[in-house]
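Q: Questions regarding the structure given below will be posed in turn.
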Amino acid sequence: MVDLFLDTSVIINREFSDNQEKIIEIENFLKEKNKLISTYVCMELNRTVLADAETLKTYLCDCMNLEEIWERIEALGNSTRMKHRLGLIFHRITEDVSDLYEARRIMEMWLRHYPSIILKEINVIPSKTDCEQGQYMPDYGCRGIKSLCRVPENVEKNKGLLKILQIELVQDVNKDRGKLDICWSLDEIINNPERTKENPRNCFNVGDILIALDVPDNFTLISSDKDFFLICEVLRISFYYIDP
Amino acid sequence: MLEMIDPWKRSGWIDTGRPVSYSSATYIKIETEKHYEHHDVFLSKKECSILELRNSLAEKVAKIKDNFGDLRCRQEALSNIKNILKSAKSDFRGDPPLFDLIIGLFYATKNLYFENLSRKQIDVLEAAVNRIDRRLTESDAYEIVEELISVGFMPLPRFSGLAEIYERQGEI
(Lines give C-alpha, C1' and ligand atoms only; values in the text may rest on other atoms or scores of the structure.)
Protein backbone atom coordinates (compact mmCIF):
# COMPACT_ATOMS: atom_id res chain seq x y z
CA MET A 1 0.00 0.00 0.00
CA VAL A 2 1.25 3.47 -0.90
CA ASP A 3 1.80 5.79 2.05
CA LEU A 4 0.60 9.35 1.65
CA PHE A 5 0.97 12.40 3.83
CA LEU A 6 -1.74 14.94 3.03
CA ASP A 7 -1.38 18.69 3.04
CA THR A 8 -4.27 20.90 4.25
CA SER A 9 -5.15 21.88 0.66
CA VAL A 10 -5.95 18.27 -0.28
CA ILE A 11 -8.41 17.80 2.56
CA ILE A 12 -10.05 21.19 2.03
CA ASN A 13 -10.40 20.55 -1.70
CA ARG A 14 -11.74 17.05 -1.13
CA GLU A 15 -14.43 18.23 1.27
CA PHE A 16 -15.21 21.80 0.28
CA SER A 17 -14.58 22.29 -3.41
CA ASP A 18 -17.47 23.11 -5.72
CA ASN A 19 -15.70 21.35 -8.58
CA GLN A 20 -17.06 17.80 -8.63
CA GLU A 21 -14.41 16.61 -11.10
CA LYS A 22 -11.67 17.76 -8.76
CA ILE A 23 -13.27 15.96 -5.81
CA ILE A 24 -13.58 12.72 -7.78
CA GLU A 25 -9.97 13.00 -8.95
CA ILE A 26 -8.72 13.47 -5.39
CA GLU A 27 -10.92 10.68 -4.01
CA ASN A 28 -9.81 8.27 -6.71
CA PHE A 29 -6.18 9.09 -6.06
CA LEU A 30 -6.54 8.60 -2.30
CA LYS A 31 -8.55 5.40 -2.57
CA GLU A 32 -7.04 2.37 -0.86
CA LYS A 33 -3.91 4.21 0.22
CA ASN A 34 -2.53 4.71 3.67
CA LYS A 35 -3.32 8.34 4.51
CA LEU A 36 -1.70 10.40 7.21
CA ILE A 37 -1.66 13.98 8.43
CA SER A 38 -0.01 15.66 11.40
CA THR A 39 -1.65 17.72 14.11
CA TYR A 40 -0.14 20.80 12.42
CA VAL A 41 -2.44 20.13 9.43
CA CYS A 42 -5.30 19.73 11.95
CA MET A 43 -4.36 23.16 13.29
CA GLU A 44 -4.62 24.68 9.81
CA LEU A 45 -8.03 23.03 9.36
CA ASN A 46 -9.19 24.20 12.79
CA ARG A 47 -7.96 27.73 12.17
CA THR A 48 -9.91 27.97 8.91
CA VAL A 49 -12.93 25.67 8.56
CA LEU A 50 -13.68 24.94 12.19
CA ALA A 51 -13.15 28.55 13.32
CA ASP A 52 -15.47 29.83 10.57
CA ALA A 53 -18.14 27.26 11.42
CA GLU A 54 -17.89 28.10 15.14
CA THR A 55 -18.19 31.81 14.34
CA LEU A 56 -21.34 31.22 12.33
CA LYS A 57 -22.74 29.17 15.21
CA THR A 58 -22.41 32.19 17.50
CA TYR A 59 -24.45 34.21 14.97
CA LEU A 60 -27.06 31.45 14.91
CA CYS A 61 -27.24 31.52 18.70
CA ASP A 62 -27.28 35.30 19.06
CA CYS A 63 -29.76 36.33 16.38
CA MET A 64 -33.53 36.12 16.41
CA ASN A 65 -34.03 34.99 12.82
CA LEU A 66 -32.17 34.04 9.65
CA GLU A 67 -32.71 37.47 8.05
CA GLU A 68 -30.92 39.16 10.95
CA ILE A 69 -27.91 36.86 10.53
CA TRP A 70 -27.71 37.62 6.83
CA GLU A 71 -27.87 41.37 7.56
CA ARG A 72 -25.05 41.04 10.07
CA ILE A 73 -22.88 39.08 7.64
CA GLU A 74 -23.57 41.67 4.93
CA ALA A 75 -22.57 44.40 7.35
CA LEU A 76 -19.08 42.91 7.69
CA GLY A 77 -18.01 44.76 4.55
CA ASN A 78 -16.40 43.45 1.39
CA SER A 79 -12.85 43.85 2.62
CA THR A 80 -13.41 41.37 5.43
CA ARG A 81 -12.24 37.87 4.56
CA MET A 82 -14.73 36.47 7.05
CA LYS A 83 -17.71 37.87 5.15
CA HIS A 84 -17.26 35.59 2.15
CA ARG A 85 -16.57 32.51 4.23
CA LEU A 86 -19.45 33.03 6.66
CA GLY A 87 -21.75 34.01 3.81
CA LEU A 88 -21.01 30.77 1.99
CA ILE A 89 -21.40 28.54 5.05
CA PHE A 90 -24.62 30.34 5.99
CA HIS A 91 -25.95 29.87 2.47
CA ARG A 92 -25.14 26.14 2.48
CA ILE A 93 -26.60 25.60 5.95
CA THR A 94 -29.86 27.41 5.18
CA GLU A 95 -30.44 26.08 1.64
CA ASP A 96 -32.95 23.48 2.82
CA VAL A 97 -34.04 24.76 6.21
CA SER A 98 -37.24 26.46 7.20
CA ASP A 99 -36.09 28.50 10.19
CA LEU A 100 -33.42 29.41 12.71
CA TYR A 101 -34.03 26.38 14.96
CA GLU A 102 -33.31 23.96 12.14
CA ALA A 103 -30.26 25.90 10.97
CA ARG A 104 -28.86 25.99 14.52
CA ARG A 105 -29.46 22.27 14.97
CA ILE A 106 -27.71 21.48 11.67
CA MET A 107 -24.75 23.71 12.55
CA GLU A 108 -24.42 22.00 15.94
CA MET A 109 -24.55 18.59 14.28
CA TRP A 110 -21.94 19.65 11.74
CA LEU A 111 -19.61 20.73 14.53
CA ARG A 112 -20.18 17.50 16.47
CA HIS A 113 -19.30 15.42 13.43
CA TYR A 114 -16.54 17.73 12.17
CA PRO A 115 -13.60 15.40 12.97
CA SER A 116 -15.20 12.48 11.14
CA ILE A 117 -16.17 14.61 8.14
CA ILE A 118 -12.68 16.04 7.81
CA LEU A 119 -10.63 13.00 8.73
CA LYS A 120 -12.42 10.32 6.72
CA GLU A 121 -10.02 7.33 6.59
CA ILE A 122 -7.11 9.55 7.60
CA ASN A 123 -4.81 8.87 10.54
CA VAL A 124 -3.28 11.67 12.57
CA ILE A 125 0.24 11.75 14.01
CA PRO A 126 1.56 14.34 16.47
CA SER A 127 3.35 17.21 14.79
CA LYS A 128 6.99 17.86 15.65
CA THR A 129 5.84 21.41 16.42
CA ASP A 130 3.56 20.16 19.23
CA CYS A 131 1.12 22.87 18.13
CA GLU A 132 -1.66 23.13 20.70
CA GLN A 133 -4.23 24.35 18.20
CA GLY A 134 -4.21 21.06 16.36
CA GLN A 135 -5.90 19.23 19.16
CA TYR A 136 -9.52 20.35 18.73
CA MET A 137 -9.13 23.09 21.27
CA PRO A 138 -12.00 25.56 21.30
CA ASP A 139 -9.59 28.49 21.19
CA TYR A 140 -8.32 29.13 17.66
CA GLY A 141 -5.75 31.79 18.48
CA CYS A 142 -2.12 30.92 19.13
CA ARG A 143 -1.18 31.53 22.77
CA GLY A 144 2.11 33.00 21.62
CA ILE A 145 4.85 33.00 24.24
CA LYS A 146 2.58 31.08 26.63
CA SER A 147 2.19 28.21 24.16
CA LEU A 148 4.00 24.91 24.52
CA CYS A 149 4.97 24.92 20.85
CA ARG A 150 8.25 23.34 19.79
CA VAL A 151 8.76 25.21 16.53
CA PRO A 152 12.03 26.76 17.86
CA GLU A 153 13.52 23.31 18.60
CA ASN A 154 12.28 21.99 15.26
CA VAL A 155 13.89 24.92 13.41
CA GLU A 156 17.15 24.55 15.36
CA LYS A 157 17.32 20.87 14.47
CA ASN A 158 16.80 21.51 10.73
CA LYS A 159 18.68 24.81 10.49
CA GLY A 160 21.05 23.60 7.76
CA LEU A 161 18.30 22.49 5.40
CA LEU A 162 16.21 25.57 6.15
CA LYS A 163 19.12 27.83 5.23
CA ILE A 164 19.44 26.08 1.86
CA LEU A 165 15.70 26.44 1.40
CA GLN A 166 15.92 30.12 2.25
CA ILE A 167 18.57 30.68 -0.47
CA GLU A 168 16.42 28.86 -3.03
CA LEU A 169 13.30 30.80 -2.01
CA VAL A 170 15.07 34.15 -2.30
CA GLN A 171 15.97 33.28 -5.91
CA ASP A 172 12.32 32.43 -6.53
CA VAL A 173 10.98 35.69 -5.09
CA ASN A 174 11.76 37.52 -8.33
CA LYS A 175 9.44 35.12 -10.18
CA ASP A 176 6.80 34.90 -7.48
CA ARG A 177 6.33 37.93 -5.20
CA GLY A 178 3.94 35.87 -3.06
CA LYS A 179 6.96 34.11 -1.59
CA LEU A 180 8.25 37.34 -0.05
CA ASP A 181 6.36 36.83 3.23
CA ILE A 182 7.68 33.27 3.50
CA CYS A 183 11.25 34.53 2.96
CA TRP A 184 10.93 37.22 5.63
CA SER A 185 9.42 34.84 8.15
CA LEU A 186 11.93 32.10 7.41
CA ASP A 187 14.75 34.57 7.86
CA GLU A 188 13.40 35.67 11.24
CA ILE A 189 12.81 32.12 12.40
CA ILE A 190 16.28 30.89 11.36
CA ASN A 191 18.04 33.81 12.96
CA ASN A 192 15.97 33.91 16.16
CA PRO A 193 14.28 30.53 16.62
CA GLU A 194 13.58 31.24 20.29
CA ARG A 195 11.54 34.32 19.33
CA THR A 196 9.17 32.43 16.99
CA LYS A 197 6.49 32.26 19.66
CA GLU A 198 6.41 36.05 19.88
CA ASN A 199 5.10 36.34 16.36
CA PRO A 200 2.70 33.52 15.41
CA ARG A 201 2.30 35.08 11.95
CA ASN A 202 5.81 33.82 11.11
CA CYS A 203 4.74 30.32 12.03
CA PHE A 204 1.69 30.53 9.73
CA ASN A 205 3.81 31.92 6.87
CA VAL A 206 6.21 29.00 7.00
CA GLY A 207 3.39 26.50 7.64
CA ASP A 208 4.14 24.56 4.45
CA ILE A 209 7.73 24.03 5.59
CA LEU A 210 6.63 22.89 9.04
CA ILE A 211 4.17 20.45 7.43
CA ALA A 212 6.92 19.08 5.18
CA LEU A 213 9.15 18.56 8.24
CA ASP A 214 6.39 16.37 9.73
CA VAL A 215 6.38 13.94 6.80
CA PRO A 216 7.63 10.54 8.02
CA ASP A 217 10.29 8.61 6.08
CA ASN A 218 9.05 6.80 2.96
CA PHE A 219 5.83 8.81 2.81
CA THR A 220 4.86 10.88 -0.24
CA LEU A 221 3.60 14.37 0.47
CA ILE A 222 0.54 15.22 -1.58
CA SER A 223 -0.71 18.75 -2.12
CA SER A 224 -2.35 21.10 -4.59
CA ASP A 225 0.06 23.84 -3.52
CA LYS A 226 2.95 24.39 -5.97
CA ASP A 227 5.16 25.83 -3.22
CA PHE A 228 5.86 22.28 -2.09
CA PHE A 229 7.87 21.51 -5.25
CA LEU A 230 10.81 23.50 -3.99
CA ILE A 231 10.34 22.66 -0.30
CA CYS A 232 10.22 18.92 -0.98
CA GLU A 233 13.17 19.07 -3.35
CA VAL A 234 15.37 20.71 -0.73
CA LEU A 235 14.12 18.54 2.14
CA ARG A 236 14.38 15.44 -0.08
CA ILE A 237 10.76 14.40 0.31
CA SER A 238 8.82 12.53 -2.34
CA PHE A 239 6.07 14.86 -3.60
CA TYR A 240 2.93 14.44 -5.68
CA TYR A 241 1.15 17.52 -6.99
CA ILE A 242 -2.60 17.48 -7.54
CA ASP A 243 -3.47 20.12 -10.10
CA PRO A 244 -6.36 22.18 -8.74
CA MET B 1 -61.78 -6.85 11.22
CA LEU B 2 -59.46 -5.50 13.85
CA GLU B 3 -59.79 -6.86 17.31
CA MET B 4 -59.17 -4.50 20.22
CA ILE B 5 -56.70 -5.87 22.70
CA ASP B 6 -55.45 -4.87 26.07
CA PRO B 7 -51.68 -4.42 25.46
CA TRP B 8 -50.95 -4.77 29.16
CA LYS B 9 -52.37 -8.28 29.43
CA ARG B 10 -51.84 -10.13 26.18
CA SER B 11 -48.57 -11.62 25.10
CA GLY B 12 -47.06 -10.57 21.80
CA TRP B 13 -47.98 -6.95 22.29
CA ILE B 14 -45.68 -4.17 21.34
CA ASP B 15 -44.58 -2.10 24.29
CA THR B 16 -45.67 1.45 23.72
CA GLY B 17 -43.96 2.41 26.95
CA ARG B 18 -47.02 4.04 28.48
CA PRO B 19 -50.78 3.64 28.45
CA VAL B 20 -52.59 5.95 26.08
CA SER B 21 -56.05 7.35 26.34
CA TYR B 22 -58.65 6.77 23.64
CA SER B 23 -58.59 10.43 22.71
CA SER B 24 -54.89 10.53 21.87
CA ALA B 25 -54.62 7.01 20.50
CA THR B 26 -54.73 5.80 16.95
CA TYR B 27 -55.61 2.26 16.10
CA ILE B 28 -53.15 0.60 13.72
CA LYS B 29 -52.16 -2.80 12.51
CA ILE B 30 -48.56 -3.93 12.96
CA GLU B 31 -46.92 -6.92 11.37
CA THR B 32 -44.79 -8.60 13.99
CA GLU B 33 -44.14 -11.99 12.47
CA LYS B 34 -42.84 -13.15 9.15
CA HIS B 35 -46.04 -15.10 8.54
CA TYR B 36 -47.96 -11.86 8.95
CA GLU B 37 -49.75 -12.58 12.16
CA HIS B 38 -51.24 -9.37 13.37
CA HIS B 39 -51.15 -7.90 16.81
CA ASP B 40 -53.25 -4.82 17.16
CA VAL B 41 -52.23 -2.23 19.71
CA PHE B 42 -52.92 1.33 20.64
CA LEU B 43 -50.23 3.79 19.70
CA SER B 44 -50.11 7.51 20.14
CA LYS B 45 -50.34 9.71 17.06
CA LYS B 46 -46.63 10.47 17.32
CA GLU B 47 -45.72 6.81 17.51
CA CYS B 48 -47.88 6.12 14.49
CA SER B 49 -46.19 8.86 12.52
CA ILE B 50 -42.77 7.46 13.43
CA LEU B 51 -43.80 4.00 12.32
CA GLU B 52 -45.29 5.33 9.13
CA LEU B 53 -42.10 7.22 8.41
CA ARG B 54 -39.94 4.17 9.06
CA ASN B 55 -42.16 1.91 6.97
CA SER B 56 -42.35 4.25 4.01
CA LEU B 57 -38.57 4.77 4.03
CA ALA B 58 -37.90 1.05 4.49
CA GLU B 59 -40.13 0.30 1.53
CA LYS B 60 -38.15 2.66 -0.72
CA VAL B 61 -34.81 1.34 0.51
CA ALA B 62 -35.97 -2.22 -0.13
CA LYS B 63 -36.96 -1.16 -3.64
CA ILE B 64 -33.41 0.06 -4.28
CA LYS B 65 -31.92 -3.14 -2.86
CA ASP B 66 -34.19 -5.37 -4.89
CA ASN B 67 -33.47 -3.49 -8.12
CA PHE B 68 -29.90 -2.48 -7.43
CA GLY B 69 -28.81 -2.61 -11.07
CA ASP B 70 -31.76 -0.53 -12.24
CA LEU B 71 -30.44 3.04 -12.14
CA ARG B 72 -33.75 4.64 -13.02
CA CYS B 73 -35.52 2.82 -10.19
CA ARG B 74 -32.68 3.76 -7.84
CA GLN B 75 -32.90 7.43 -8.75
CA GLU B 76 -36.68 7.45 -8.37
CA ALA B 77 -36.56 5.74 -4.98
CA LEU B 78 -33.81 8.03 -3.69
CA SER B 79 -35.75 11.05 -4.82
CA ASN B 80 -38.82 9.72 -2.97
CA ILE B 81 -36.75 9.11 0.16
CA LYS B 82 -35.45 12.67 -0.01
CA ASN B 83 -38.96 14.09 -0.32
CA ILE B 84 -40.29 11.96 2.53
CA LEU B 85 -37.43 13.13 4.76
CA LYS B 86 -37.86 16.74 3.72
CA SER B 87 -41.43 16.79 4.95
CA ALA B 88 -40.53 14.67 8.01
CA LYS B 89 -38.09 17.39 9.08
CA SER B 90 -40.98 19.67 9.93
CA ASP B 91 -43.01 16.91 11.62
CA PHE B 92 -40.42 15.77 14.16
CA ARG B 93 -38.83 18.99 15.35
CA GLY B 94 -39.96 18.30 18.90
CA ASP B 95 -37.94 15.10 19.13
CA PRO B 96 -34.27 16.20 18.87
CA PRO B 97 -32.64 12.77 18.45
CA LEU B 98 -35.10 11.76 15.76
CA PHE B 99 -34.81 15.19 14.16
CA ASP B 100 -31.01 14.76 14.02
CA LEU B 101 -31.36 11.36 12.39
CA ILE B 102 -33.86 12.70 9.86
CA ILE B 103 -31.50 15.58 9.05
CA GLY B 104 -28.62 13.10 8.66
CA LEU B 105 -30.62 10.84 6.35
CA PHE B 106 -31.95 13.79 4.36
CA TYR B 107 -28.51 15.21 3.60
CA ALA B 108 -27.02 11.74 3.06
CA THR B 109 -29.47 11.20 0.21
CA LYS B 110 -29.35 14.79 -0.98
CA ASN B 111 -25.56 14.81 -1.33
CA LEU B 112 -25.47 11.40 -2.98
CA TYR B 113 -24.98 10.85 -6.67
CA PHE B 114 -27.29 7.88 -7.20
CA GLU B 115 -24.95 6.28 -9.74
CA ASN B 116 -22.21 6.12 -7.09
CA LEU B 117 -24.29 4.29 -4.48
CA SER B 118 -22.59 1.11 -3.27
CA ARG B 119 -24.14 -2.01 -1.80
CA LYS B 120 -22.42 -1.30 1.49
CA GLN B 121 -23.98 2.17 1.56
CA ILE B 122 -27.47 0.85 0.92
CA ASP B 123 -27.01 -1.69 3.74
CA VAL B 124 -26.01 1.09 6.14
CA LEU B 125 -28.91 3.24 4.93
CA GLU B 126 -31.27 0.34 5.56
CA ALA B 127 -29.88 -0.18 9.06
CA ALA B 128 -30.23 3.54 9.77
CA VAL B 129 -33.85 3.59 8.62
CA ASN B 130 -34.65 0.55 10.75
CA ARG B 131 -33.44 2.40 13.81
CA ILE B 132 -36.03 5.15 13.45
CA ASP B 133 -37.84 4.76 16.71
CA ARG B 134 -39.43 6.88 19.41
CA ARG B 135 -36.86 5.55 21.89
CA LEU B 136 -33.94 6.83 19.83
CA THR B 137 -31.43 8.69 22.00
CA GLU B 138 -29.00 11.49 21.15
CA SER B 139 -26.09 9.07 21.27
CA ASP B 140 -27.94 6.63 18.98
CA ALA B 141 -28.48 9.41 16.45
CA TYR B 142 -24.82 10.44 16.74
CA GLU B 143 -23.67 6.86 16.22
CA ILE B 144 -25.89 6.36 13.16
CA VAL B 145 -24.72 9.60 11.55
CA GLU B 146 -21.10 8.59 12.21
CA GLU B 147 -21.80 5.25 10.54
CA LEU B 148 -23.23 7.05 7.52
CA ILE B 149 -20.08 9.19 7.28
CA SER B 150 -17.84 6.15 7.58
CA VAL B 151 -19.29 4.56 4.44
CA GLY B 152 -18.94 7.73 2.40
CA PHE B 153 -22.27 9.48 2.87
CA MET B 154 -22.23 13.20 3.64
CA PRO B 155 -25.13 13.45 6.10
CA LEU B 156 -24.81 17.21 6.59
CA PRO B 157 -24.70 20.21 4.26
CA ARG B 158 -21.63 20.34 2.04
CA PHE B 159 -19.83 23.67 2.23
CA SER B 160 -19.09 23.54 -1.49
CA GLY B 161 -17.12 26.54 -2.69
CA LEU B 162 -15.32 27.15 0.58
CA ALA B 163 -12.12 25.61 -0.82
CA GLU B 164 -12.12 28.15 -3.66
CA ILE B 165 -12.55 31.03 -1.18
CA TYR B 166 -9.63 29.80 0.95
CA GLU B 167 -7.55 29.46 -2.19
CA ARG B 168 -8.36 33.02 -3.30
CA GLN B 169 -7.57 34.31 0.18
CA GLY B 170 -4.24 32.51 0.23
CA GLU B 171 -5.15 30.27 3.17
CA ILE B 172 -4.33 27.04 1.34
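By convention in this document, the chains of the C-alpha coordinates carry letters A, B, ... by their order, each chain's residues are numbered from 1, and ligands are numbered from 1 in the order they are shown.
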I'd like the contact shell of stretch 131-143 of chain B - 6 Å cut-off, only C-alpha atoms, skipping same-chain residues fewer than 3 positions apart - returned as a PyMOL selection string.
A: chain B and resi 54+97+101+128+146
Q: Would you write out, as JSON lines, a table of all residues in chain B that have an atom no more than 7 Å from an atom of chain A, listing for each the closest atom pair and the distance in Å to one decimal, considering only C-alpha atoms and ordering rows by chain and rising residue number?
A:
{"residue": "B:Ile149", "atom": "CA", "partner": "A:Ile117", "partner_atom": "CA", "distance": 6.7}
{"residue": "B:Ser150", "atom": "CA", "partner": "A:Lys120", "partner_atom": "CA", "distance": 6.9}
{"residue": "B:Leu156", "atom": "CA", "partner": "A:Trp110", "partner_atom": "CA", "distance": 6.4}
{"residue": "B:Pro157", "atom": "CA", "partner": "A:Ile93", "partner_atom": "CA", "distance": 6.0}
{"residue": "B:Arg158", "atom": "CA", "partner": "A:Arg92", "partner_atom": "CA", "distance": 6.8}
{"residue": "B:Phe159", "atom": "CA", "partner": "A:Phe16", "partner_atom": "CA", "distance": 5.4}
{"residue": "B:Ser160", "atom": "CA", "partner": "A:Asp18", "partner_atom": "CA", "distance": 4.5}
{"residue": "B:Gly161", "atom": "CA", "partner": "A:Asp18", "partner_atom": "CA", "distance": 4.6}
{"residue": "B:Leu162", "atom": "CA", "partner": "A:Phe16", "partner_atom": "CA", "distance": 5.4}
{"residue": "B:Ala163", "atom": "CA", "partner": "A:Ser17", "partner_atom": "CA", "distance": 4.9}
{"residue": "B:Glu164", "atom": "CA", "partner": "A:Ser17", "partner_atom": "CA", "distance": 6.4}
{"residue": "B:Ile165", "atom": "CA", "partner": "A:Arg85", "partner_atom": "CA", "distance": 6.9}
{"residue": "B:Ile172", "atom": "CA", "partner": "A:Ser9", "partner_atom": "CA", "distance": 5.3}
Q: Restricted to N, CA and C atoms, what would the selected residues look like written as a tab-separated table (two decimals), in the first residue's frame?
A:
chain	number	residue	atom	x	y	z
B	149	ILE	N	-21.30	8.52	7.76
B	149	ILE	CA	-20.08	9.19	7.28
B	149	ILE	C	-19.02	8.15	6.93
B	150	SER	N	-18.91	7.13	7.77
B	150	SER	CA	-17.84	6.15	7.58
B	150	SER	C	-17.96	5.37	6.27
B	156	LEU	N	-24.63	15.82	6.17
B	156	LEU	CA	-24.81	17.21	6.59
B	156	LEU	C	-24.56	18.10	5.37
B	157	PRO	N	-24.91	19.39	5.45
B	157	PRO	CA	-24.70	20.21	4.26
B	157	PRO	C	-23.23	20.24	3.86
B	158	ARG	N	-22.99	20.21	2.56
B	158	ARG	CA	-21.63	20.34	2.04
B	158	ARG	C	-21.33	21.82	1.88
B	159	PHE	N	-20.19	22.25	2.38
B	159	PHE	CA	-19.83	23.67	2.23
B	159	PHE	C	-19.09	23.85	0.90
B	160	SER	N	-19.73	23.46	-0.17
B	160	SER	CA	-19.09	23.54	-1.49
B	160	SER	C	-18.76	24.98	-1.85
B	161	GLY	N	-17.54	25.20	-2.29
B	161	GLY	CA	-17.12	26.54	-2.69
B	161	GLY	C	-16.20	27.17	-1.66
B	162	LEU	N	-16.17	26.59	-0.47
B	162	LEU	CA	-15.32	27.15	0.58
B	162	LEU	C	-13.84	26.98	0.21
B	163	ALA	N	-13.51	25.85	-0.43
B	163	ALA	CA	-12.12	25.61	-0.82
B	163	ALA	C	-11.63	26.71	-1.76
B	164	GLU	N	-12.50	27.11	-2.69
B	164	GLU	CA	-12.12	28.15	-3.66
B	164	GLU	C	-11.91	29.50	-2.95
B	165	ILE	N	-12.72	29.76	-1.93
B	165	ILE	CA	-12.55	31.03	-1.18
B	165	ILE	C	-11.21	31.01	-0.44
B	172	ILE	N	-4.83	28.39	1.67
B	172	ILE	CA	-4.33	27.04	1.34
B	172	ILE	C	-3.49	27.08	0.05
Q: Out of stretch 3-160 of chain A, which residues get alpha helix (DSSP H) from DSSP, as a PyMOL selection string?
A: chain A and resi 8-16+20-30+39-45+51-62+66-74+81-94+100-112+114-118+151-157+159-160
Q: Work out how far atom CA of A:Ser238 is from atom CA of A:Lys159, in Å to one decimal.
A: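 We find that atom CA of A:Lys159 and atom CA of A:Ser238 lie 20.3 Å from each other.
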Q: Find the distance between atom CA of B:Ile102 and atom CA of B:Phe153 and write it in Å to one decimal.
A: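 Separation of atom CA of B:Ile102 and atom CA of B:Phe153: 13.9 Å.
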Q: Quick one: pull the distance between atom CA of B:Asn111 and atom CA of A:Glu21, Å, one decimal.
A: 14.9 Å
Q: Show which residues sit within 9 Å of B:Tyr113, as a PyMOL selection string. Count only C-alpha atoms, and ignore same-chain residues fewer than 4 positions away.
A: chain B and resi 75+109+117
